[in-house]
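S.K.: So I've got this file, upload05.pdb, and it contains PDB, C-alpha atoms:
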ATOM      1  CA  MET A  25      22.609  43.251  60.643
ATOM      2  CA  SER A  26      22.007  39.527  60.776
ATOM      3  CA  GLU A  27      23.325  37.135  58.199
ATOM      4  CA  ARG A  28      21.129  35.942  55.398
ATOM      5  CA  LYS A  29      22.200  32.334  55.966
ATOM      6  CA  VAL A  30      22.750  31.243  59.537
ATOM      7  CA  LEU A  31      25.870  29.111  59.490
ATOM      8  CA  THR A  32      26.289  28.829  63.264
ATOM      9  CA  LYS A  33      23.803  27.648  65.857
ATOM     10  CA  TYR A  34      23.299  28.766  69.423
ATOM     11  CA  TYR A  35      24.490  26.394  72.170
ATOM     12  CA  PRO A  36      23.385  27.262  75.706
ATOM     13  CA  PRO A  37      26.031  27.394  78.483
ATOM     14  CA  ASP A  38      24.742  24.237  80.145
ATOM     15  CA  PHE A  39      24.761  22.140  76.907
ATOM     16  CA  ASP A  40      26.333  18.679  77.406
ATOM     17  CA  PRO A  41      26.672  16.627  74.179
ATOM     18  CA  SER A  42      27.470  13.458  76.139
ATOM     19  CA  GLN A  43      23.896  13.364  77.353
ATOM     20  CA  LEU A  44      22.598  12.952  73.776
ATOM     21  CA  LYS A  45      21.877   9.297  72.963
ATOM     22  CA  ARG A  46      20.621   7.715  69.767
ATOM     23  CA  VAL A  47      17.253   6.128  70.259
ATOM     24  CA  ARG A  48      16.611   3.022  68.149
ATOM     25  CA  GLY A  49      12.989   1.947  68.369
ATOM     26  CA  PRO A  50      11.386  -1.092  66.770
ATOM     27  CA  LYS A  51      10.170  -0.848  63.196
ATOM     28  CA  ALA A  52       6.488  -0.258  62.626
ATOM     29  CA  ALA A  53       4.755  -3.616  62.529
ATOM     30  CA  GLY A  54       1.772  -4.402  60.331
ATOM     31  CA  PRO A  55       0.875  -3.492  56.788
ATOM     32  CA  LYS A  56       2.506  -0.594  55.015
ATOM     33  CA  VAL A  57       0.321   2.526  54.947
ATOM     34  CA  GLN A  58       0.796   5.642  52.828
ATOM     35  CA  THR A  59      -1.312   8.638  51.855
ATOM     36  CA  VAL A  60      -2.333   8.887  48.194
ATOM     37  CA  ARG A  61      -4.616  10.993  46.054
ATOM     38  CA  LEU A  62      -7.256   8.986  44.163
ATOM     39  CA  ALA A  63     -10.700   9.200  42.560
ATOM     40  CA  ALA A  64     -13.681   7.081  43.536
ATOM     41  CA  PRO A  65     -13.606   4.019  41.233
ATOM     42  CA  PHE A  66     -17.409   3.524  41.321
ATOM     43  CA  SER A  67     -20.564   5.270  42.480
ATOM     44  CA  MET A  68     -21.531   4.503  46.099
ATOM     45  CA  LYS A  69     -23.950   5.509  48.871
ATOM     46  CA  CYS A  70     -22.806   6.121  52.438
ATOM     47  CA  THR A  71     -24.556   3.767  54.884
ATOM     48  CA  SER A  72     -24.345   6.288  57.758
ATOM     49  CA  CYS A  73     -25.893   9.421  56.271
ATOM     50  CA  GLY A  74     -27.119   8.305  52.842
ATOM     51  CA  GLU A  75     -24.821  10.674  50.932
ATOM     52  CA  TYR A  76     -24.187   9.717  47.286
ATOM     53  CA  ILE A  77     -20.575   9.702  46.161
ATOM     54  CA  TYR A  78     -20.242   9.570  42.416
ATOM     55  CA  LYS A  79     -17.545   7.924  40.368
ATOM     56  CA  GLY A  80     -14.538  10.158  39.746
ATOM     57  CA  ARG A  81     -14.716  12.248  42.918
ATOM     58  CA  LYS A  82     -11.230  12.828  44.351
ATOM     59  CA  PHE A  83     -10.141  11.986  47.879
ATOM     60  CA  ASN A  84      -7.019  12.017  50.044
ATOM     61  CA  ALA A  85      -6.984   8.325  50.939
ATOM     62  CA  ARG A  86      -4.813   5.998  52.977
ATOM     63  CA  LYS A  87      -3.408   3.121  50.947
ATOM     64  CA  GLU A  88      -2.782  -0.109  52.839
ATOM     65  CA  THR A  89      -0.699  -3.016  51.488
ATOM     66  CA  PRO A  90      -1.625  -6.232  53.363
ATOM     67  CA  GLN A  91       1.102  -8.796  52.836
ATOM     68  CA  ASP A  92      -1.150 -11.817  53.352
ATOM     69  CA  GLU A  93      -3.770 -10.885  50.724
ATOM     70  CA  LYS A  94      -2.824 -11.866  47.193
ATOM     71  CA  TYR A  95      -4.562 -13.387  44.179
ATOM     72  CA  LEU A  96      -2.392 -15.592  41.945
ATOM     73  CA  GLY A  97       0.648 -13.616  43.054
ATOM     74  CA  ILE A  98      -1.049 -10.222  42.414
ATOM     75  CA  GLN A  99      -0.955  -7.877  45.408
ATOM     76  CA  ILE A 100      -4.306  -6.609  46.692
ATOM     77  CA  PHE A 101      -4.483  -2.984  47.967
ATOM     78  CA  ARG A 102      -7.004  -1.540  50.443
ATOM     79  CA  PHE A 103      -8.056   2.132  50.511
ATOM     80  CA  TYR A 104      -9.645   4.194  53.295
ATOM     81  CA  ILE A 105     -11.587   7.389  52.528
ATOM     82  CA  ARG A 106     -13.982   9.664  54.442
ATOM     83  CA  CYS A 107     -17.562  10.523  53.573
ATOM     84  CA  THR A 108     -17.888  14.128  52.397
ATOM     85  CA  ARG A 109     -20.940  14.707  54.637
ATOM     86  CA  CYS A 110     -20.574  12.740  57.882
ATOM     87  CA  SER A 111     -16.830  11.951  57.687
ATOM     88  CA  GLY A 112     -17.597   8.261  58.118
ATOM     89  CA  GLN A 113     -14.852   5.854  57.092
ATOM     90  CA  ILE A 114     -15.373   3.972  53.811
ATOM     91  CA  THR A 115     -13.202   1.044  52.835
ATOM     92  CA  PHE A 116     -12.778  -0.667  49.455
ATOM     93  CA  LYS A 117     -10.063  -2.827  47.901
ATOM     94  CA  THR A 118      -8.884  -4.019  44.510
ATOM     95  CA  ASP A 119     -10.355  -7.199  42.951
ATOM     96  CA  PRO A 120      -7.884  -8.673  40.413
ATOM     97  CA  LYS A 121     -10.092 -11.722  39.885
ATOM     98  CA  ASN A 122     -12.868  -9.653  38.273
ATOM     99  CA  GLN A 123     -10.633  -6.753  37.189
ATOM    100  CA  ASP A 124     -12.616  -4.374  39.389
ATOM    101  CA  TYR A 125     -12.920  -2.905  42.908
ATOM    102  CA  ALA A 126     -14.883  -4.404  45.821
ATOM    103  CA  CYS A 127     -16.578  -2.260  48.502
ATOM    104  CA  GLU A 128     -15.937  -3.598  52.022
ATOM    105  CA  SER A 129     -17.501  -1.290  54.616
ATOM    106  CA  GLY A 130     -18.950   2.167  55.239
ATOM    107  CA  ALA A 131     -20.791   2.407  51.906
ATOM    108  CA  LYS A 132     -22.936   0.447  49.487
ATOM    109  CA  ARG A 133     -22.193   0.269  45.792
ATOM    110  CA  SER A 134     -24.856   1.774  43.533
ATOM    111  CA  THR A 135     -26.723  -0.481  41.118
ATOM    112  CA  GLU A 136     -25.098  -0.717  37.703
ATOM    113  CA  PRO A 137     -27.478  -2.221  35.089
ATOM    114  CA  TRP A 138     -24.702  -3.528  32.839
ATOM    115  CA  ARG A 139     -23.331  -5.634  35.713
ATOM    116  CA  VAL A 140     -26.636  -7.277  36.698
ATOM    117  CA  GLY A 141     -26.767 -10.937  35.673
ATOM    118  CA  ASN A 142     -23.090 -11.091  34.661
ATOM    119  CA  ASP A 143     -21.933 -12.926  37.771
ATOM    120  CA  GLU A 144     -20.505 -16.213  36.487
ATOM    121  CA  THR A 145     -18.663 -18.974  38.216
ATOM    122  CA  ASP A 146     -15.186 -20.193  37.401
ATOM    123  CA  GLU A 147     -16.542 -23.146  35.428
ATOM    124  CA  GLN A 148     -18.777 -20.907  33.339
ATOM    125  CA  ARG A 149     -15.894 -18.532  32.669
ATOM    126  CA  LEU A 150     -13.634 -21.405  31.571
ATOM    127  CA  ASP A 151     -16.349 -22.793  29.287
ATOM    128  CA  ARG A 152     -16.865 -19.362  27.740
ATOM    129  CA  LEU A 153     -13.137 -18.884  27.113
ATOM    130  CA  GLU A 154     -12.809 -22.350  25.563
ATOM    131  CA  ARG A 155     -15.797 -21.698  23.323
ATOM    132  CA  GLU A 156     -14.372 -18.355  22.128
ATOM    133  CA  GLU A 157     -10.985 -19.928  21.416
ATOM    134  CA  GLU A 158     -12.603 -22.746  19.424
ATOM    135  CA  GLU A 159     -14.625 -20.237  17.395
ATOM    136  CA  GLU A 160     -11.490 -18.276  16.528
ATOM    137  CA  ARG A 161      -9.708 -21.497  15.545
ATOM    138  CA  ASN A 162     -12.554 -22.591  13.282
ATOM    139  CA  ALA A 163     -12.891 -19.206  11.581
ATOM    140  CA  MET A 164     -10.382 -20.107   8.844
ATOM    141  CA  VAL A 165     -11.967 -23.544   8.355
ATOM    142  CA  GLU A 166     -15.374 -21.936   7.881
ATOM    143  CA  LEU A 167     -13.927 -19.427   5.418
ATOM    144  CA  GLU A 168     -12.341 -22.210   3.340
ATOM    145  CA  ALA A 169     -15.610 -24.175   3.367
ATOM    146  CA  LYS A 170     -17.515 -21.097   2.178
ATOM    147  CA  THR A 171     -15.005 -20.582  -0.647
ATOM    148  CA  VAL A 172     -15.367 -24.207  -1.792
ATOM    149  CA  ASP A 173     -19.159 -23.953  -1.693
ATOM    150  CA  ALA A 174     -19.079 -20.742  -3.750
ATOM    151  CA  LYS A 175     -16.872 -22.374  -6.409
ATOM    152  CA  ARG A 176     -19.146 -25.409  -6.557
ATOM    153  CA  GLU A 177     -22.230 -23.201  -6.974
ATOM    154  CA  MET A 178     -20.551 -21.262  -9.811
ATOM    155  CA  ALA A 179     -19.625 -24.518 -11.597
ATOM    156  CA  VAL A 180     -23.199 -25.837 -11.262
ATOM    157  CA  ALA A 181     -24.622 -22.552 -12.567
ATOM    158  CA  ASP A 182     -22.297 -22.632 -15.609
ATOM    159  CA  ALA A 183     -23.271 -26.250 -16.352
ATOM    160  CA  LEU A 184     -26.981 -25.400 -16.114
ATOM    161  CA  ASP A 185     -26.562 -22.440 -18.476
ATOM    162  CA  GLU A 186     -24.775 -24.650 -20.990
ATOM    163  CA  ILE A 187     -27.510 -27.310 -20.776
ATOM    164  CA  ARG A 188     -30.264 -24.702 -21.213
ATOM    165  CA  THR A 189     -28.496 -23.211 -24.250
ATOM    166  CA  ARG A 190     -28.057 -26.640 -25.856
ATOM    167  CA  ASN A 191     -31.688 -27.602 -25.228
ATOM    168  CA  ALA A 192     -32.897 -24.312 -26.705
ATOM    169  CA  ARG A 193     -30.757 -24.864 -29.805
ATOM    170  CA  LEU A 194     -32.082 -28.419 -30.213
ATOM    171  CA  GLU A 195     -35.681 -27.261 -29.862
ATOM    172  CA  ARG A 196     -35.144 -24.493 -32.413
ATOM    173  CA  ALA A 197     -33.538 -26.947 -34.842
ATOM    174  CA  ASN A 198     -36.364 -29.458 -34.405
ATOM    175  CA  ALA A 199     -38.926 -26.757 -35.018
ATOM    176  CA  ASP A 200     -37.164 -25.667 -38.239
ATOM    177  CA  GLY A 201     -36.632 -29.279 -39.393
ATOM    178  CA  VAL A 202     -32.860 -28.945 -39.708
ATOM    179  CA  GLU A 203     -30.526 -31.706 -38.651
ATOM    180  CA  VAL A 204     -28.280 -30.628 -35.829
ATOM    181  CA  GLY A 205     -24.604 -31.427 -36.097
ATOM    182  CA  VAL A 206     -21.268 -30.109 -35.166
ATOM    183  CA  ALA A 207     -20.992 -26.517 -36.343
ATOM    184  CA  ALA A 208     -18.104 -25.983 -38.748
ATOM    185  CA  PRO A 209     -16.023 -22.888 -38.407
ATOM    186  CA  VAL A 210     -17.632 -20.128 -40.478
ATOM    187  CA  ASP A 211     -15.484 -17.698 -42.405
ATOM    188  CA  THR A 212     -17.252 -14.422 -41.797
ATOM    189  CA  ASP A 213     -17.061 -11.434 -44.122
ATOM    190  CA  ALA A 214     -15.138  -9.388 -41.584
ATOM    191  CA  GLU A 215     -12.403 -12.015 -41.226
ATOM    192  CA  ARG A 216     -12.148 -12.452 -44.989
ATOM    193  CA  GLN A 217     -11.921  -8.689 -45.517
ATOM    194  CA  GLU A 218      -9.182  -8.398 -42.877
ATOM    195  CA  ARG A 219      -7.233 -11.197 -44.522
ATOM    196  CA  GLU A 220      -7.513  -9.551 -47.971
ATOM    197  CA  ASP A 221      -6.429  -6.173 -46.558
ATOM    198  CA  ALA A 222      -3.382  -7.782 -44.924
ATOM    199  CA  GLU A 223      -2.376  -9.472 -48.212
ATOM    200  CA  ALA A 224      -2.834  -6.224 -50.173
ATOM    201  CA  ALA A 225      -0.726  -4.294 -47.691
ATOM    202  CA  LYS A 226       1.972  -6.961 -47.888
ATOM    203  CA  ARG A 227       2.065  -6.775 -51.692
ATOM    204  CA  ALA A 228       2.168  -2.970 -51.596
ATOM    205  CA  PHE A 229       5.124  -2.948 -49.215
ATOM    206  CA  GLU A 230       6.981  -5.468 -51.399
ATOM    207  CA  PHE A 231       6.325  -3.331 -54.505
ATOM    208  CA  ALA A 232       7.543  -0.166 -52.747
ATOM    209  CA  ARG A 233      10.682  -1.997 -51.649
ATOM    210  CA  GLN A 234      11.330  -3.112 -55.252
ATOM    211  CA  VAL A 235      10.791   0.428 -56.572
ATOM    212  CA  ASP A 236      13.314   1.800 -54.075
ATOM    213  CA  SER A 237      15.909  -0.788 -55.063
ATOM    214  CA  ILE A 238      15.377  -0.092 -58.794
ATOM    215  CA  THR A 239      15.670   3.666 -58.222
ATOM    216  CA  GLU A 240      18.945   3.219 -56.360
ATOM    217  CA  GLU A 241      20.317   1.041 -59.181
ATOM    218  CA  VAL A 242      19.327   3.630 -61.847
ATOM    219  CA  LEU A 243      20.983   6.429 -59.883
ATOM    220  CA  ASP A 244      24.177   4.378 -59.502
ATOM    221  CA  ASP A 245      24.229   3.614 -63.267
ATOM    222  CA  GLY A 246      23.725   7.313 -64.121
ATOM    223  CA  MET A 247      26.604   8.313 -61.891
ATOM    224  CA  ASP A 248      28.847   5.663 -63.482
ATOM    225  CA  ASP A 249      27.920   6.876 -67.044
ATOM    226  CA  ALA A 250      28.650  10.499 -66.114
ATOM    227  CA  ALA A 251      32.049   9.539 -64.707
ATOM    228  CA  SER A 252      32.970   7.522 -67.843
ATOM    229  CA  ALA A 253      31.838  10.374 -70.123
ATOM    230  CA  SER A 254      33.988  12.900 -68.292
ATOM    231  CA  THR A 255      36.969  10.533 -68.488
ATOM    232  CA  SER A 256      36.541  10.022 -72.276
ATOM    233  CA  ALA A 257      36.222  13.787 -72.836
ATOM    234  CA  SER A 258      39.431  14.499 -71.021
ATOM    235  CA  ALA A 259      41.211  11.726 -72.946
ATOM    236  CA  SER A 260      40.031  13.120 -76.327
ATOM    237  CA  THR A 261      41.264  16.569 -75.336
ATOM    238  CA  PHE A 262      44.766  15.418 -74.582
ATOM    239  CA  THR A 263      45.106  12.894 -77.502
ATOM    240  CA  PRO A 264      45.311  14.304 -81.130
ATOM    241  CA  GLU A 265      43.179  12.553 -83.792
ATOM    242  CA  THR A 266      45.149  11.162 -86.776
ATOM    243  CA  SER A 267      44.124   8.991 -89.705
ATOM    244  CA  GLY A 268      47.227   6.918 -89.600
ATOM    245  CA  SER A 269      49.027   5.184 -86.812
ATOM    246  CA  PRO A 270      48.920   6.841 -83.441
ATOM    247  CA  ALA A 271      51.610   9.386 -82.903
ATOM    248  CA  PRO A 272      54.053   8.917 -80.138
ATOM    249  CA  LYS A 273      53.116  10.502 -76.843
ATOM    250  CA  SER A 274      54.616  13.874 -76.118
ATOM    251  CA  GLU A 275      54.568  16.106 -73.119
ATOM    252  CA  PRO A 276      51.968  18.921 -73.433
ATOM    253  CA  THR A 277      53.311  22.424 -73.433
ATOM    254  CA  PRO A 278      52.358  24.875 -70.705
ATOM    255  CA  ALA A 279      50.187  26.880 -73.098
ATOM    256  CA  VAL A 280      48.174  23.787 -74.145
ATOM    257  CA  ALA A 281      47.735  22.719 -70.469
ATOM    258  CA  ALA A 282      46.442  26.167 -69.551
ATOM    259  CA  THR A 283      43.996  26.135 -72.486
ATOM    260  CA  THR A 284      42.710  22.678 -71.499
ATOM    261  CA  ALA A 285      42.171  23.708 -67.865
ATOM    262  CA  THR A 286      40.267  26.815 -68.981
ATOM    263  CA  THR A 287      37.986  24.750 -71.252
ATOM    264  CA  ALA A 288      37.263  22.191 -68.461
ATOM    265  CA  SER A 289      36.459  24.966 -66.011
ATOM    266  CA  LYS A 290      34.008  26.489 -68.521
ATOM    267  CA  ASP A 291      32.280  23.114 -69.097
ATOM    268  CA  MET A 292      31.814  22.350 -65.341
ATOM    269  CA  PRO A 293      29.058  24.328 -63.570
ATOM    270  CA  PRO A 294      30.144  26.637 -60.760
ATOM    271  CA  PRO A 295      29.664  25.262 -57.231
ATOM    272  CA  SER A 296      26.436  26.312 -55.568
ATOM    273  CA  PHE A 297      25.697  26.359 -51.850
ATOM    274  CA  LYS A 298      21.971  26.796 -52.341
ATOM    275  CA  ARG A 299      19.813  24.426 -50.287
ATOM    276  CA  VAL A 300      18.203  21.807 -52.500
ATOM    277  CA  VAL A 301      14.751  20.663 -51.390
ATOM    278  CA  LYS A 302      14.340  16.959 -52.019
ATOM    279  CA  LYS A 303      11.026  15.962 -53.463
ATOM    280  CA  LYS A 304       9.026  13.724 -51.170
ATOM    281  CA  LYS A 305       7.929  10.333 -52.385
ATOM    282  CA  ASP A 306       4.237   9.678 -52.696
ATOM    283  CA  HIS A 307       3.961   6.473 -50.701
ATOM    284  CA  SER A 308       0.160   6.530 -50.773
ATOM    285  CA  ALA A 309       0.244   6.231 -54.585
ATOM    286  CA  MET A 310       2.631   3.244 -54.317
ATOM    287  CA  LEU A 311       0.207   1.556 -51.897
ATOM    288  CA  GLY A 312      -2.716   2.175 -54.222
ATOM    289  CA  ILE A 313      -4.461   4.672 -51.933
ATOM    290  CA  LYS A 314      -6.305   7.414 -53.732
ATOM    291  CA  LYS A 315      -6.338  10.838 -52.138
ATOM    292  CA  LYS A 316      -9.466  12.911 -52.094
ATOM    293  CA  PRO A 317      -9.172  16.220 -53.968
ATOM    294  CA  SER A 318      -8.869  19.262 -51.725
ATOM    295  CA  LEU A 319     -11.910  21.479 -51.478
ATOM    296  CA  VAL A 320      -9.879  24.706 -51.203
TER     297      VAL A 320
END
The structure in this file should be written as structure tokens.
M.R.:
Amino acid sequence: MSERKVLTKYYPPDFDPSQLKRVRGPKAAGPKVQTVRLAAPFSMKCTSCGEYIYKGRKFNARKETPQDEKYLGIQIFRFYIRCTRCSGQITFKTDPKNQDYACESGAKRSTEPWRVGNDETDEQRLDRLEREEEEERNAMVELEAKTVDAKREMAVADALDEIRTRNARLERANADGVEVGVAAPVDTDAERQEREDAEAAKRAFEFARQVDSITEEVLDDGMDDAASASTSASASTFTPETSGSPAPKSEPTPAVAATTATTASKDMPPPSFKRVVKKKKDHSAMLGIKKKPSLV
């Protein structure tokens, strides 16, 4: 059974390796040629058989790189294809100047309506480019000029409206027989009413503030009176009343102290943990606002 990979080679009996010599031939002269796959860059008609070759049809072409053909340092390439009907050779090359392809031989380029009349010279192309650049440069200047003109027109329109309004007022005054003068500021009813409402609200807030301060003072006085009354009651309990000179102080006995504590505990109310609901103040009545009676 033979090997899957042949690692050794057969040498005949009369093989002489000294007879093998390396042959070094000259390099291929001329332009570099290679085979590429491309599509027809434009529609064309074969001059030999009249066959139409449309744009986009694919060919196996030979690409030639001539070293002496350049445009502004850009390399120009030449392509060779065969007609699909008569196998005639068709040649075209790149055209960097016009950013296109140029047909050389073997076929004729079909008419393209958008290219008719667009052939311009170098001077015309330079003039066109300079004109486009100048238009782009002046675009901002034109925009600023339009903005200034629009502002001027708005100012003139406002001035004309003011003049028309003044003339109409003068004509109306002349027709009524009233002397026209500088109009004094008029105190309208709405402004006067707003001013009165603001003053009334201010007075109401001041009154409510005074009522709150008076209420706090009354509550503080009541608490002070209650404290003084409780102090006097305890003093009268411990001090005996005599018609003559006050008796000398003596230490109370335990029985008297117990009786006094029992009496004080009976006079003081028992502590209550019940929640007390505080009555809300009627601020609307303080401000002088009358509430409508409920219908329910």
S.K.: To one decimal in Å, tell me the separation between atom CA of A:Gln217 and atom CA of A:Ser308.
M.R.: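 According to the coordinates, atom CA of A:Gln217 and atom CA of A:Ser308 are separated by 20.1 Å.
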S.K.: Please compute the atom CA of A:Ser134-atom CA of A:Phe116 distance, one decimal, in Å.
M.R.: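 Value for the atom CA of A:Ser134-atom CA of A:Phe116 distance: 13.7 Å.
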S.K.: With the PyMOL selection byres ((chain A and resi 73) around 10) as the selection, what would be picked from this file? Answer as an MDAnalysis selection string, please.
M.R.: chainID A and resid 69:72 74:76 107 109:112 131
S.K.: Could you tell me, as number ranges by chain, exactly which residues end up selected when the PyMOL selection byres ((chain A and resi 98) around 12) is applied to this structure?
M.R.: A: 89-97, 99-101, 118-121, 123
S.K.: Atom CA of A:Glu136 to atom CA of A:Arg86: how many Å, to one decimal?
M.R.: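 Atom-to-atom, atom CA of A:Glu136 and atom CA of A:Arg86 are spaced 26.3 Å apart.
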S.K.: Apply the PyMOL selection byres ((chain A and resi 83) around 6) to the structure shown and report the selected residues as a count of residues only.
M.R.: 5
S.K.: Around all listed atoms of stretch 69-85 of chain A, padded 4 Å per side, what centre and edge lengths does the axis-aligned box have in Å to one decimal, as JSON?
M.R.:
{"center_x": -17.1, "center_y": 8.3, "center_z": 48.8, "size_x": 28.1, "size_y": 17.1, "size_z": 26.0}
S.K.: Excluding A:Ala228 and residues on its chain fewer than 3 positions from it, collect all residues at most 10 Å away from it, counting all atoms listed in the file, and give them as a list in words.
M.R.: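 The residues satisfying every condition are Ala222, Glu223, Ala224, Ala225, Phe231, Ala232, Arg233, Gln234, His307, Ser308, Ala309, Met310, Leu311 and Gly312 of chain A.
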S.K.: Write the selection just made, keeping C-alpha atoms, as a PDB file, in the frame of the given file?
M.R.:
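That gives us result02.pdb:
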ATOM      1  CA  ALA A 222      -3.382  -7.782 -44.924  1.00  0.00           C
ATOM      2  CA  GLU A 223      -2.376  -9.472 -48.212  1.00  0.00           C
ATOM      3  CA  ALA A 224      -2.834  -6.224 -50.173  1.00  0.00           C
ATOM      4  CA  ALA A 225      -0.726  -4.294 -47.691  1.00  0.00           C
ATOM      5  CA  PHE A 231       6.325  -3.331 -54.505  1.00  0.00           C
ATOM      6  CA  ALA A 232       7.543  -0.166 -52.747  1.00  0.00           C
ATOM      7  CA  ARG A 233      10.682  -1.997 -51.649  1.00  0.00           C
ATOM      8  CA  GLN A 234      11.330  -3.112 -55.252  1.00  0.00           C
ATOM      9  CA  HIS A 307       3.961   6.473 -50.701  1.00  0.00           C
ATOM     10  CA  SER A 308       0.160   6.530 -50.773  1.00  0.00           C
ATOM     11  CA  ALA A 309       0.244   6.231 -54.585  1.00  0.00           C
ATOM     12  CA  MET A 310       2.631   3.244 -54.317  1.00  0.00           C
ATOM     13  CA  LEU A 311       0.207   1.556 -51.897  1.00  0.00           C
ATOM     14  CA  GLY A 312      -2.716   2.175 -54.222  1.00  0.00           C
TER      15      GLY A 312
END
S.K.: Neighbours of A:Cys127 within 10 Å (only C-alpha atoms; same-chain residues fewer than 6 positions away dropped), as a count of residues only?
M.R.: 11
